[in-house]
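**Q** This is input29.txt, which holds compact mmCIF, C-alpha atoms:
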# COMPACT_ATOMS: atom_id res chain seq x y z
CA MET A 1 -43.48 177.49 99.55
CA SER A 2 -44.82 180.94 100.16
CA GLU A 3 -42.80 183.91 98.96
CA SER A 4 -43.32 187.65 99.11
CA PHE A 5 -42.95 190.32 96.42
CA ARG A 6 -41.05 192.58 98.77
CA ASP A 7 -38.53 189.86 99.67
CA SER A 8 -38.07 188.82 96.03
CA VAL A 9 -36.91 192.18 94.74
CA GLY A 10 -33.13 192.23 94.30
CA ARG A 11 -32.79 188.44 94.31
CA LYS A 12 -30.17 187.26 91.82
CA VAL A 13 -31.22 185.56 88.61
CA VAL A 14 -28.96 182.70 87.48
CA SER A 15 -28.85 180.54 84.34
CA ARG A 16 -29.27 176.87 85.17
CA GLN A 17 -27.41 175.92 82.00
CA SER A 18 -24.31 178.14 82.36
CA ALA A 19 -24.46 179.02 86.09
CA LYS A 20 -23.92 182.66 85.05
CA GLU A 21 -25.58 185.43 87.01
CA LEU A 22 -27.90 187.27 84.61
CA GLY A 23 -29.04 190.11 86.84
CA SER A 24 -31.50 190.59 89.66
CA VAL A 25 -35.27 190.68 90.07
CA SER A 26 -36.65 194.21 89.80
CA HIS A 27 -40.33 193.42 89.42
CA LEU A 28 -42.87 190.63 89.07
CA LEU A 29 -45.44 191.01 86.31
CA VAL A 30 -48.91 189.83 87.27
CA ASP A 31 -52.01 188.80 85.36
CA ALA A 32 -54.73 189.85 87.80
CA GLY A 33 -57.47 187.93 85.97
CA GLN A 34 -55.50 184.70 86.24
CA ARG A 35 -54.26 185.67 89.69
CA ARG A 36 -50.70 184.65 88.88
CA ILE A 37 -47.22 185.92 88.08
CA THR A 38 -46.66 185.72 84.32
CA ALA A 39 -43.09 187.02 84.09
CA VAL A 40 -40.10 188.20 86.07
CA VAL A 41 -38.57 191.56 85.10
CA ILE A 42 -34.77 191.67 85.36
CA GLY A 43 -33.07 195.05 85.56
CA ARG A 44 -34.73 198.40 85.02
CA GLY A 45 -35.29 200.97 82.32
CA LYS A 46 -33.94 200.49 78.79
CA LYS A 47 -31.90 197.44 79.72
CA ALA A 48 -34.77 195.64 81.42
CA GLN A 49 -35.49 192.13 80.19
CA LEU A 50 -38.24 189.66 80.92
CA VAL A 51 -38.35 185.97 81.50
CA ASP A 52 -41.66 184.13 81.36
CA TRP A 53 -42.63 182.21 84.48
CA ALA A 54 -42.68 178.97 82.45
CA GLN A 55 -38.97 179.47 81.67
CA LEU A 56 -37.92 179.28 85.33
CA SER A 57 -36.54 176.06 86.73
CA GLY A 58 -37.01 177.34 90.25
CA PHE A 59 -37.96 180.46 92.22
CA GLY A 60 -35.70 179.71 95.18
CA PRO A 61 -34.95 181.49 98.44
CA ASP A 62 -31.45 182.46 97.27
CA ALA A 63 -31.74 182.65 93.52
CA VAL A 64 -34.24 182.62 90.70
CA MET A 65 -33.10 179.95 88.25
CA VAL A 66 -33.74 180.43 84.53
CA VAL A 67 -33.49 177.39 82.21
CA ASP A 68 -30.95 179.18 80.01
CA GLU A 69 -29.86 182.67 78.95
CA GLY A 70 -31.89 182.45 75.76
CA ALA A 71 -35.07 182.68 77.80
CA LEU A 72 -34.41 186.36 78.51
CA ARG A 73 -36.24 188.63 76.09
CA PRO A 74 -37.00 192.33 75.69
CA PRO A 75 -40.51 193.62 76.51
CA SER A 76 -42.88 192.76 73.65
CA ASP A 77 -45.95 194.94 74.21
CA ASP A 78 -47.11 198.14 75.95
CA ARG A 79 -47.90 196.38 79.18
CA GLU A 80 -44.50 194.73 79.33
CA ARG A 81 -42.79 198.03 78.47
CA ALA A 82 -44.72 199.69 81.29
CA ALA A 83 -43.60 196.87 83.60
CA ALA A 84 -39.98 197.30 82.49
CA ALA A 85 -40.21 201.00 83.28
CA GLY A 86 -41.42 200.10 86.79
CA HIS A 87 -44.94 201.52 86.36
CA LEU A 88 -46.78 198.30 87.23
CA GLU A 89 -45.10 197.61 90.57
CA LEU A 90 -47.87 196.13 92.73
CA VAL A 91 -46.20 196.81 96.05
CA GLY A 92 -46.84 200.41 97.10
CA LYS A 93 -49.79 200.78 94.71
CA ARG A 94 -53.06 202.29 95.91
CA ALA A 95 -55.75 199.69 96.53
CA LEU A 96 -59.14 200.74 95.18
CA SER A 97 -62.42 198.89 95.56
CA GLU A 98 -64.50 198.36 92.43
CA ARG A 99 -66.96 200.80 94.03
CA GLY A 100 -64.40 203.58 93.66
CA ASN A 101 -63.28 203.91 97.28
CA GLU A 102 -59.66 203.77 98.43
CA LEU A 103 -58.79 200.92 100.79
CA GLY A 104 -55.19 201.85 101.52
CA LYS A 105 -51.79 201.02 100.07
CA LEU A 106 -50.73 197.56 98.95
CA ASP A 107 -47.80 196.81 101.25
CA ASP A 108 -46.93 193.35 100.00
CA VAL A 109 -48.20 190.37 98.02
CA THR A 110 -47.48 186.72 98.78
CA PHE A 111 -47.38 183.94 96.19
CA ASP A 112 -46.68 180.24 95.81
CA ALA A 113 -43.05 179.98 94.66
CA ASP A 114 -43.74 176.69 92.85
CA THR A 115 -46.65 177.87 90.74
CA GLY A 116 -46.51 181.69 90.75
CA VAL A 117 -50.12 181.79 91.96
CA LEU A 118 -50.86 184.84 94.14
CA GLU A 119 -51.97 184.04 97.69
CA ASP A 120 -52.61 187.13 99.82
CA LEU A 121 -52.57 190.90 99.50
CA LEU A 122 -51.34 192.87 102.52
CA ILE A 123 -53.05 196.24 102.91
CA GLY A 124 -51.95 197.91 106.11
CA ALA A 125 -52.85 195.52 108.92
CA ARG A 126 -55.29 193.59 106.71
CA ARG A 127 -54.55 190.37 104.86
CA VAL A 128 -56.88 189.84 101.93
CA HIS A 129 -57.15 186.75 99.73
CA ALA A 130 -55.72 187.46 96.28
CA GLY A 131 -58.92 186.11 94.74
CA SER A 132 -60.43 189.54 95.34
CA LEU A 133 -57.94 191.17 92.94
CA LEU A 134 -59.86 192.22 89.80
CA GLY A 135 -57.21 194.21 87.98
CA SER A 136 -53.92 195.99 88.41
CA GLY A 137 -52.20 198.71 86.45
CA SER A 138 -50.15 201.85 86.74
CA TYR A 139 -52.79 203.71 88.78
CA ALA A 140 -54.24 201.15 91.15
CA ALA A 141 -54.87 197.59 92.16
CA VAL A 142 -58.65 197.07 92.01
CA LEU A 143 -60.30 194.75 94.54
CA ASN A 144 -63.85 193.46 94.58
CA GLU A 145 -66.39 195.26 96.69
CA SER A 146 -66.52 192.63 99.44
CA GLN A 147 -63.23 194.16 100.63
CA GLU A 148 -64.94 197.39 101.71
CA HIS A 149 -65.52 197.64 105.43
CA MET B 1 -73.95 202.20 102.74
CA ARG B 2 -75.62 205.35 101.41
CA LEU B 3 -73.13 207.81 100.05
CA LEU B 4 -74.10 211.28 98.91
CA MET B 5 -71.73 213.47 96.93
CA THR B 6 -72.08 216.83 95.25
CA ALA B 7 -71.32 217.18 91.55
CA SER B 8 -68.34 219.37 92.42
CA GLN B 9 -66.88 216.50 94.46
CA ILE B 10 -67.24 214.22 91.44
CA ARG B 11 -65.55 216.67 89.07
CA GLY B 12 -61.85 215.86 88.82
CA LEU B 13 -62.19 212.26 90.04
CA PRO B 14 -60.07 209.81 88.04
CA VAL B 15 -61.89 207.32 85.81
CA VAL B 16 -60.26 203.96 86.57
CA THR B 17 -60.66 200.60 84.81
CA VAL B 18 -61.62 197.69 87.06
CA HIS B 19 -59.80 195.14 84.91
CA GLY B 20 -56.81 197.29 84.00
CA GLY B 21 -56.15 199.39 87.11
CA GLU B 22 -55.42 202.34 84.78
CA ASP B 23 -56.64 205.93 85.15
CA VAL B 24 -57.95 206.38 81.62
CA ALA B 25 -59.54 209.84 82.08
CA GLU B 26 -60.94 212.19 84.69
CA VAL B 27 -64.37 213.71 85.15
CA ARG B 28 -64.71 217.20 83.66
CA ASP B 29 -68.40 217.64 84.40
CA VAL B 30 -71.57 215.72 85.08
CA ILE B 31 -74.46 215.65 82.60
CA TYR B 32 -77.75 215.73 84.41
CA SER B 33 -81.34 215.23 83.31
CA PRO B 34 -83.70 217.08 85.71
CA GLU B 35 -86.70 215.32 84.15
CA ALA B 36 -85.21 211.88 84.75
CA GLY B 37 -83.82 213.00 88.11
CA ARG B 38 -80.48 211.39 87.49
CA LEU B 39 -77.01 211.62 86.05
CA VAL B 40 -77.05 210.60 82.39
CA GLY B 41 -73.29 210.69 81.89
CA VAL B 42 -70.06 212.60 82.43
CA THR B 43 -67.77 214.57 80.18
CA LEU B 44 -64.06 213.87 80.43
CA ASN B 45 -60.60 215.32 80.57
CA LYS B 46 -57.45 213.44 79.61
CA ARG B 47 -54.90 212.62 82.30
CA GLY B 48 -51.13 212.60 82.39
CA PHE B 49 -48.94 214.53 80.02
CA LEU B 50 -51.68 214.68 77.38
CA ALA B 51 -53.89 216.43 79.95
CA GLY B 52 -56.74 218.55 78.60
CA ARG B 53 -60.23 218.31 77.28
CA SER B 54 -61.24 214.91 75.90
CA ARG B 55 -63.86 214.49 73.17
CA ASP B 56 -65.05 211.22 74.67
CA VAL B 57 -67.96 210.94 77.07
CA LEU B 58 -68.99 208.32 79.57
CA PRO B 59 -72.70 207.41 79.53
CA ALA B 60 -74.18 206.59 82.94
CA GLU B 61 -75.02 203.05 81.79
CA ALA B 62 -71.31 202.43 81.21
CA ILE B 63 -70.32 203.52 84.73
CA HIS B 64 -69.56 200.57 86.98
CA ALA B 65 -69.60 202.67 90.16
CA ILE B 66 -68.99 206.17 91.48
CA GLY B 67 -67.04 206.27 94.73
CA GLN B 68 -65.36 208.86 96.91
CA ASP B 69 -62.00 208.40 95.19
CA ALA B 70 -62.75 207.27 91.66
CA VAL B 71 -65.33 206.65 88.96
CA MET B 72 -64.98 203.01 87.95
CA VAL B 73 -65.53 201.55 84.47
CA LEU B 74 -64.92 197.95 83.45
CA ASP B 75 -62.52 198.86 80.66
CA GLU B 76 -61.51 201.68 78.34
CA SER B 77 -64.14 200.73 75.71
CA ASN B 78 -66.76 202.28 78.03
CA LEU B 79 -65.46 205.72 77.02
CA VAL B 80 -67.18 206.59 73.75
CA ALA B 81 -67.21 209.35 71.14
CA PRO B 82 -70.22 211.69 71.51
CA GLU B 83 -71.78 210.39 68.26
CA ASP B 84 -71.72 206.85 69.65
CA ALA B 85 -73.36 207.90 72.93
CA PRO B 86 -77.10 208.27 73.64
CA GLU B 87 -78.42 211.63 72.40
CA ASP B 88 -78.83 213.15 75.88
CA VAL B 89 -75.16 212.38 76.67
CA GLY B 90 -73.51 213.05 73.32
CA ASN B 91 -75.39 216.27 72.68
CA PRO B 92 -76.87 217.48 75.98
CA ALA B 93 -79.34 220.36 75.80
CA THR B 94 -77.94 223.46 77.48
CA GLU B 95 -81.25 224.35 79.16
CA ARG B 96 -80.71 221.23 81.25
CA ASN B 97 -78.31 223.24 83.33
CA VAL B 98 -80.15 224.03 86.55
CA LEU B 99 -77.33 225.87 88.32
CA GLU B 100 -78.43 229.34 89.46
CA ASP B 101 -82.08 228.44 88.77
CA ASP B 102 -84.60 229.87 91.20
CA ILE B 103 -86.27 227.22 93.38
CA LEU B 104 -89.96 227.97 93.80
CA THR B 105 -92.46 226.04 95.86
CA GLU B 106 -95.87 225.24 94.40
CA GLY B 107 -97.19 227.90 96.72
CA GLY B 108 -94.90 230.50 95.18
CA ALA B 109 -92.20 230.93 97.83
CA SER B 110 -88.57 231.10 96.71
CA LEU B 111 -86.22 228.82 98.69
CA GLY B 112 -83.11 230.12 96.97
CA LYS B 113 -80.97 229.25 93.97
CA VAL B 114 -79.44 225.94 92.89
CA ALA B 115 -75.73 225.89 93.81
CA ASP B 116 -74.89 222.23 93.12
CA LEU B 117 -76.39 218.78 92.57
CA VAL B 118 -76.37 216.10 95.26
CA LEU B 119 -76.08 212.56 93.92
CA LEU B 120 -76.67 209.20 95.47
CA VAL B 121 -73.49 207.51 94.31
CA GLY B 122 -72.64 203.84 94.10
CA SER B 123 -74.17 202.55 90.92
CA SER B 124 -77.37 204.56 90.43
CA GLY B 125 -76.27 208.18 90.02
CA GLU B 126 -79.70 209.35 91.12
CA VAL B 127 -79.88 213.08 91.91
CA VAL B 128 -81.62 213.19 95.28
CA GLY B 129 -81.16 216.82 96.20
CA TYR B 130 -79.64 220.21 95.52
CA GLN B 131 -77.20 222.29 97.41
CA ILE B 132 -78.77 225.76 97.48
CA ASP B 133 -77.84 229.34 98.15
CA LYS B 134 -80.70 230.11 100.50
CA ALA B 135 -82.97 233.05 99.79
CA GLY B 136 -82.15 234.39 103.26
CA GLY B 137 -78.38 233.86 102.80
CA GLY B 138 -76.09 230.92 103.51
CA ARG B 139 -75.86 227.41 102.12
CA GLY B 140 -78.38 224.61 102.56
CA TYR B 141 -79.53 221.34 101.05
CA ILE B 142 -82.98 220.33 99.85
CA PRO B 143 -84.27 216.86 98.96
CA LEU B 144 -85.94 216.38 95.59
CA PRO B 145 -88.91 214.34 94.46
CA ALA B 146 -88.16 211.72 91.80
CA GLN B 147 -89.46 214.04 89.07
CA LEU B 148 -89.37 217.77 88.69
CA SER B 149 -90.61 220.58 86.45
CA VAL B 150 -87.76 222.66 85.09
CA SER B 151 -87.93 225.65 82.76
CA GLY B 152 -84.31 226.70 82.48
CA VAL B 153 -84.67 229.66 84.83
CA ALA B 154 -86.76 228.18 87.63
CA LEU B 155 -87.89 224.88 88.99
CA VAL B 156 -90.92 224.01 91.05
CA VAL B 157 -90.78 221.86 94.17
CA PRO B 158 -93.55 220.65 96.53
CA ASN B 159 -94.52 222.98 99.38
CA ILE B 160 -93.24 220.59 102.07
CA THR B 161 -89.69 220.98 100.71
CA GLU B 162 -89.44 224.08 102.89
CA GLU B 163 -89.66 221.90 106.03
CA PHE B 164 -86.80 219.71 104.82
CA VAL B 165 -84.07 222.28 104.19
CA GLN B 166 -80.88 220.81 105.73
CA ASP B 167 -77.59 222.30 106.83
CA ASP B 168 -75.33 219.49 105.61
CA LEU B 169 -75.09 216.39 103.43
CA VAL B 170 -75.50 214.02 106.39
CA GLY B 171 -78.78 215.65 107.29
CA LEU B 172 -79.91 215.45 103.69
CA GLY B 173 -79.19 211.71 103.56
CA ALA B 174 -81.63 211.15 106.38
CA ALA B 175 -84.19 213.64 105.03
CA VAL B 176 -84.54 212.20 101.51
CA ASP B 177 -86.44 209.07 102.52
CA GLU B 178 -88.76 210.85 104.92
CA PHE B 179 -89.42 213.56 102.35
CA ARG B 180 -90.35 211.04 99.67
CA THR B 181 -92.50 209.06 102.07
CA ARG B 182 -94.40 212.21 102.98
CA LEU B 183 -94.88 213.04 99.30
CA GLY B 184 -96.24 209.57 98.69
CA LEU B 185 -98.73 210.05 101.52
CA THR B 186 -99.88 213.55 100.68
Rewrite the coordinates I just gave you, this time as structure tokens.
**A**
Amino acid sequence: MSESFRDSVGRKVVSRQSAKELGSVSHLLVDAGQRRITAVVIGRGKKAQLVDWAQLSGFGPDAVMVVDEGALRPPSDDRERAAAAGHLELVGKRALSERGNELGKLDDVTFDADTGVLEDLLIGARRVHAGSLLGSGSYAAVLNESQEH
Amino acid sequence: MRLLMTASQIRGLPVVTVHGGEDVAEVRDVIYSPEAGRLVGVTLNKRGFLAGRSRDVLPAEAIHAIGQDAVMVLDESNLVAPEDAPEDVGNPATERNVLEDDILTEGGASLGKVADLVLLVGSSGEVVGYQIDKAGGGRGYIPLPAQLSVSGVALVVPNITEEFVQDDLVGLGAAVDEFRTRLGLT
């Protein structure tokens, strides 16, 4: 099933094992090279925690289910710390072509809720296949040059 | 698409990694070789709260692309210390600076002084013209041949350059090819 980044933010995160609510989705961490979501960030700032995509039992329409509470972990490297601080948010990021020209703002990203694979990038009125995403970071999401008009 | 930019438009552009999406530096100045007729690299400033002069340089070969909004590199390893860069980038000769140089035709007429460089951006970084302060006043643009004689105070251009003085960058874009074709024929 197709899901969107924008719709996912704020969704509650629940432990499958204990049925306890662990928090809510603040951010989805992406590996642009692999074109997939690698982790879900829960909460923001110093209290933010991550859960790896592989530790989810389901990314559902009403809740994101985590296998158990033990799967939650603090950020482990600079990139994850940047994600926890909210710096890597894809939605709202400037979209830049690899030729160094701005294409607009990234309004939303859709993904397959079963696999975490990114599907489309929405830039203004344009819908672009996520295969053109080359990299993403705190400054920009970089798309391949075929996305220039 | 042919995109021309002046060096002053390139100064201050962020340097962004294609694979990381991070702004790892910004352009402080361009390093230009008049003999080669192209950009050989750029010097850098740091961004963010460490802002200020950076020691590192970016050789032209390591530039993925120059666009209107950013200079793109594949990753941060493309930024190198001056001693690890080619000699003309790491330790550029100061007489390479052509700004304020008098532009003389082969026939001995002065067209004005060099105000800025005009680059063909994208991936080549070729310098295809100069913005000039015209001898008679006002700004203009002249196309350049692929190679040029430069002394440090003056540079010599073909006589026909005088016919190709343009009022704006758009005009220059169209004039460069015709100018070079004419030079090839004469």
**Q** Counting all atoms listed in the file, what is within 12 Å of stretch 156-163 of chain B, bar same-chain residues fewer than 6 positions away, as a PyMOL selection string?
**A** chain B and resi 34-35+98+101-114+129-130+134-135+140-150+172+175-176+178-186
**Q** Hey, list the chain A side of the contact with chain B: 9 Å cut-off, only C-alpha atoms, answer as a PyMOL selection string.
**A** chain A and resi 32-33+96-102+134-144
**Q** Find the distance between atom CA of A:Arg73 and atom CA of A:Leu50 and write it in Å to one decimal.
**A**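 Atom-to-atom, atom CA of A:Arg73 to atom CA of A:Leu50, that is 5.3 Å.
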**Q** Hey, can you pull every residue with an atom no more than 9 Å from (-38.9, 178.4, 86.5), using only C-alpha atoms, and send it as a PyMOL selection string?
**A** chain A and resi 52-59+64-67+114-115
**Q** Taking into account all atoms listed in the file, which residue in the set B:Glu26, B:Glu61, B:Asp177, B:Asp167 is nearest to B:Ala85?
**A**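 Answer, going by the shortest atom-to-atom distance: B:Glu61.
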**Q** For the point (-47.8, 182.2, 89.3) in file coordinates, what residues are within 6 Å, counting all atoms listed in the file? Give the answer as a list in words?
**A**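 Output: Arg36, Ile37, Thr115, Gly116 and Val117 of chain A.
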**Q** Output as AutoDock Vina command-line options the centre and edge lengths (Å, one decimal) of the box along x, y and z of the file that holds every listed atom of stretch 143-153 of chain B after adding 3 Å on each side.
**A**
--center_x -87.4 --center_y 220.7 --center_z 90.7 --size_x 12.3 --size_y 23.9 --size_z 22.5
**Q** Just the residues within 10 Å of A:Arg11, please, counting all atoms listed in the file, with nothing from its chain fewer than 5 positions along; format it as a list in words.
**A**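 Counting all atoms listed in the file, the residues come to Gly23, Ser24, Val25, Ser26, Ile42, Phe59, Gly60, Pro61, Asp62, Ala63 and Val64 of chain A.
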